[in-house]
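Q: Sharing a structure with you now.
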Amino acid sequence: MHSSQRELEKQTKIDYSMSRGPGGQRRDKKKTGVRLHHLPSGLVVQVDDQRLQTQNKKTAFMILAKKLGRICQRRKKRVATKPPRWAKEKRIMIKKHRSFKKRLRGKGGSDDT
């Protein structure tokens, strides 16, 4: 993960936009929405929840840092397991029961084995 906020800011292109939603006349006049484009990874984060640009910027950097953290994490390798014996036996019993019911649907409805 990134060592500091400044390093993250250097790697990020910041765009400001008019935000939507409630907030009154100030929100209609000011560019309070923030869009961050992280150039090395290509991630884009857009926030326009708050009335103040600084709050939106802070929130956007927090979200971006979380996303980058998730990308940097290595996934654990899946350990292959096989189903236990009782599960296999149960599955086979269910199949036999189903096939028996289907055999009864045949001609005459009797067990023709």
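Naming works like this for the structure tokens: A, B, ... for the chains as they're shown, residue 1 at the start of each chain, ligands 1 onward in shown order.
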Quick one: residues within 12 Å of Gln11 in chain A, only C-alpha atoms, excluding same-chain residues fewer than 5 positions away - as a PDB file with N, CA and C atoms, in the first residue's frame?
A:
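Output below, filename out-v3.pdb:
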ATOM      1  N   HIS A   2       0.298   2.403  -0.266  1.00  0.00           N
ATOM      2  CA  HIS A   2       1.050   3.634  -0.388  1.00  0.00           C
ATOM      3  C   HIS A   2       1.508   4.117   0.978  1.00  0.00           C
ATOM      4  N   SER A   4       2.254   7.208   1.975  1.00  0.00           N
ATOM      5  CA  SER A   4       1.720   8.462   2.521  1.00  0.00           C
ATOM      6  C   SER A   4       0.618   9.035   1.632  1.00  0.00           C
ATOM      7  N   GLN A   5      -0.080   9.972   2.212  1.00  0.00           N
ATOM      8  CA  GLN A   5      -1.170  10.654   1.498  1.00  0.00           C
ATOM      9  C   GLN A   5      -0.600  11.482   0.340  1.00  0.00           C
ATOM     10  N   ARG A   6       0.544  12.099   0.559  1.00  0.00           N
ATOM     11  CA  ARG A   6       1.143  12.944  -0.487  1.00  0.00           C
ATOM     12  C   ARG A   6       1.543  12.127  -1.709  1.00  0.00           C
ATOM     13  N   LEU A  36     -11.461  11.403  -8.470  1.00  0.00           N
ATOM     14  CA  LEU A  36     -10.046  11.046  -8.423  1.00  0.00           C
ATOM     15  C   LEU A  36      -9.786   9.952  -9.445  1.00  0.00           C
ATOM     16  N   HIS A  37      -8.728  10.146 -10.228  1.00  0.00           N
ATOM     17  CA  HIS A  37      -8.321   9.136 -11.216  1.00  0.00           C
ATOM     18  C   HIS A  37      -6.900   8.721 -10.863  1.00  0.00           C
ATOM     19  N   HIS A  38      -6.743   7.501 -10.331  1.00  0.00           N
ATOM     20  CA  HIS A  38      -5.417   7.000  -9.967  1.00  0.00           C
ATOM     21  C   HIS A  38      -4.753   6.491 -11.237  1.00  0.00           C
ATOM     22  N   LEU A  39      -3.706   7.190 -11.665  1.00  0.00           N
ATOM     23  CA  LEU A  39      -3.095   6.925 -12.961  1.00  0.00           C
ATOM     24  C   LEU A  39      -2.425   5.548 -13.057  1.00  0.00           C
ATOM     25  N   PRO A  40      -1.640   5.090 -12.069  1.00  0.00           N
ATOM     26  CA  PRO A  40      -0.998   3.776 -12.224  1.00  0.00           C
ATOM     27  C   PRO A  40      -1.986   2.607 -12.320  1.00  0.00           C
ATOM     28  N   SER A  41      -3.061   2.650 -11.556  1.00  0.00           N
ATOM     29  CA  SER A  41      -3.989   1.510 -11.550  1.00  0.00           C
ATOM     30  C   SER A  41      -5.205   1.718 -12.433  1.00  0.00           C
ATOM     31  N   GLY A  42      -5.524   2.958 -12.760  1.00  0.00           N
ATOM     32  CA  GLY A  42      -6.699   3.236 -13.572  1.00  0.00           C
ATOM     33  C   GLY A  42      -7.996   3.317 -12.778  1.00  0.00           C
ATOM     34  N   LEU A  43      -7.920   3.248 -11.446  1.00  0.00           N
ATOM     35  CA  LEU A  43      -9.122   3.336 -10.606  1.00  0.00           C
ATOM     36  C   LEU A  43      -9.683   4.754 -10.631  1.00  0.00           C
ATOM     37  N   PHE A  61     -10.343  10.219  -1.108  1.00  0.00           N
ATOM     38  CA  PHE A  61      -9.020   9.627  -0.891  1.00  0.00           C
ATOM     39  C   PHE A  61      -9.096   8.423   0.030  1.00  0.00           C
ATOM     40  N   LEU A  64     -10.393   5.602  -2.152  1.00  0.00           N
ATOM     41  CA  LEU A  64      -9.343   5.190  -3.082  1.00  0.00           C
ATOM     42  C   LEU A  64      -8.287   4.345  -2.366  1.00  0.00           C
ATOM     43  N   ALA A  65      -7.898   4.761  -1.159  1.00  0.00           N
ATOM     44  CA  ALA A  65      -6.900   4.006  -0.403  1.00  0.00           C
ATOM     45  C   ALA A  65      -7.427   2.604  -0.067  1.00  0.00           C
TER      46      ALA A  65
END
Q: Using DSSP secondary structure from the backbone, list all alpha helix (DSSP H) positions within chain A, as an MDAnalysis selection string.
A: chainID A and resid 5:10 25:29 53:72 85:104
Q: Would you pick out the contacts of Gln46 in chain A at 8 Å or less, using only C-alpha atoms, so that residues sharing its chain but fewer than 3 positions from it are not included, and give the list as a PDB file with N, CA, C and O atoms, in the first residue's frame?
A:
ATOM      1  N   GLY A  33     -18.212  18.525  -6.045  1.00  0.00           N
ATOM      2  CA  GLY A  33     -17.981  17.116  -6.357  1.00  0.00           C
ATOM      3  C   GLY A  33     -16.521  16.867  -6.703  1.00  0.00           C
ATOM      4  O   GLY A  33     -15.859  17.701  -7.323  1.00  0.00           O
ATOM      5  N   VAL A  34     -15.983  15.727  -6.290  1.00  0.00           N
ATOM      6  CA  VAL A  34     -14.579  15.391  -6.520  1.00  0.00           C
ATOM      7  C   VAL A  34     -14.494  14.051  -7.238  1.00  0.00           C
ATOM      8  O   VAL A  34     -15.161  13.090  -6.865  1.00  0.00           O
ATOM      9  N   ARG A  35     -13.658  14.005  -8.272  1.00  0.00           N
ATOM     10  CA  ARG A  35     -13.385  12.756  -8.987  1.00  0.00           C
ATOM     11  C   ARG A  35     -11.878  12.545  -8.984  1.00  0.00           C
ATOM     12  O   ARG A  35     -11.126  13.400  -9.428  1.00  0.00           O
ATOM     13  N   LEU A  36     -11.461  11.403  -8.470  1.00  0.00           N
ATOM     14  CA  LEU A  36     -10.046  11.046  -8.423  1.00  0.00           C
ATOM     15  C   LEU A  36      -9.786   9.952  -9.445  1.00  0.00           C
ATOM     16  O   LEU A  36     -10.522   8.972  -9.519  1.00  0.00           O
ATOM     17  N   ALA A  60     -13.062  10.839  -0.719  1.00  0.00           N
ATOM     18  CA  ALA A  60     -12.635  10.181  -1.954  1.00  0.00           C
ATOM     19  C   ALA A  60     -11.265   9.539  -1.788  1.00  0.00           C
ATOM     20  O   ALA A  60     -11.046   8.413  -2.250  1.00  0.00           O
TER      21      ALA A  60
END
Q: Running DSSP on the backbone, which parts of range 28-111 of chain A land in strand (DSSP E or B), as a PyMOL selection string?
A: chain A and resi 33-38+44-47
Q: Could those residues be written to a file, using N, CA, C and O atoms, as a CSV table (one decimal), in the first residue's frame?
A:
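As written to disk, selection.csv reads:
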chain,number,residue,atom,x,y,z
A,33,GLY,N,-18.2,18.5,-6.0
A,33,GLY,CA,-18.0,17.1,-6.4
A,33,GLY,C,-16.5,16.9,-6.7
A,33,GLY,O,-15.9,17.7,-7.3
A,34,VAL,N,-16.0,15.7,-6.3
A,34,VAL,CA,-14.6,15.4,-6.5
A,34,VAL,C,-14.5,14.1,-7.2
A,34,VAL,O,-15.2,13.1,-6.9
A,35,ARG,N,-13.7,14.0,-8.3
A,35,ARG,CA,-13.4,12.8,-9.0
A,35,ARG,C,-11.9,12.5,-9.0
A,35,ARG,O,-11.1,13.4,-9.4
A,36,LEU,N,-11.5,11.4,-8.5
A,36,LEU,CA,-10.0,11.0,-8.4
A,36,LEU,C,-9.8,10.0,-9.4
A,36,LEU,O,-10.5,9.0,-9.5
A,37,HIS,N,-8.7,10.1,-10.2
A,37,HIS,CA,-8.3,9.1,-11.2
A,37,HIS,C,-6.9,8.7,-10.9
A,37,HIS,O,-6.0,9.5,-11.0
A,38,HIS,N,-6.7,7.5,-10.3
A,38,HIS,CA,-5.4,7.0,-10.0
A,38,HIS,C,-4.8,6.5,-11.2
A,38,HIS,O,-5.2,5.5,-11.8
A,44,VAL,N,-11.0,4.8,-10.6
A,44,VAL,CA,-11.7,6.1,-10.6
A,44,VAL,C,-12.7,6.1,-9.4
A,44,VAL,O,-13.4,5.2,-9.2
A,45,VAL,N,-12.6,7.2,-8.6
A,45,VAL,CA,-13.5,7.4,-7.5
A,45,VAL,C,-14.2,8.7,-7.6
A,45,VAL,O,-13.5,9.7,-7.8
A,46,GLN,N,-15.5,8.7,-7.5
A,46,GLN,CA,-16.2,10.0,-7.5
A,46,GLN,C,-17.1,10.1,-6.3
A,46,GLN,O,-17.8,9.2,-5.9
A,47,VAL,N,-17.0,11.3,-5.6
A,47,VAL,CA,-17.7,11.6,-4.4
A,47,VAL,C,-18.4,12.9,-4.5
A,47,VAL,O,-17.7,13.9,-4.8
Q: Quick one, how far is CA of Gln55 in chain A from CA of Glu9 in chain A?
A: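 Here the two named atoms are 15.4 Å from each other.
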Q: Quick check, in Å to one decimal: how far apart do CA of Asp48 in chain A and CA of Lys66 in chain A lie?
A: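 Interatomic distance, CA of Asp48 in chain A to CA of Lys66 in chain A: 17.8 Å.
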Q: Which residues come within 8 Å of Thr32 in chain A, counting only C-alpha atoms, excluding same-chain residues fewer than 4 positions away, as a VMD selection string?
A: chain A and resid 16 to 19 27 48 50 to 53 56
Q: So what do you get for CA of Arg105 in chain A versus CA of Glu89 in chain A, distance-wise?
A: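 Value for the CA of Arg105 in chain A-CA of Glu89 in chain A distance: 24.9 Å.
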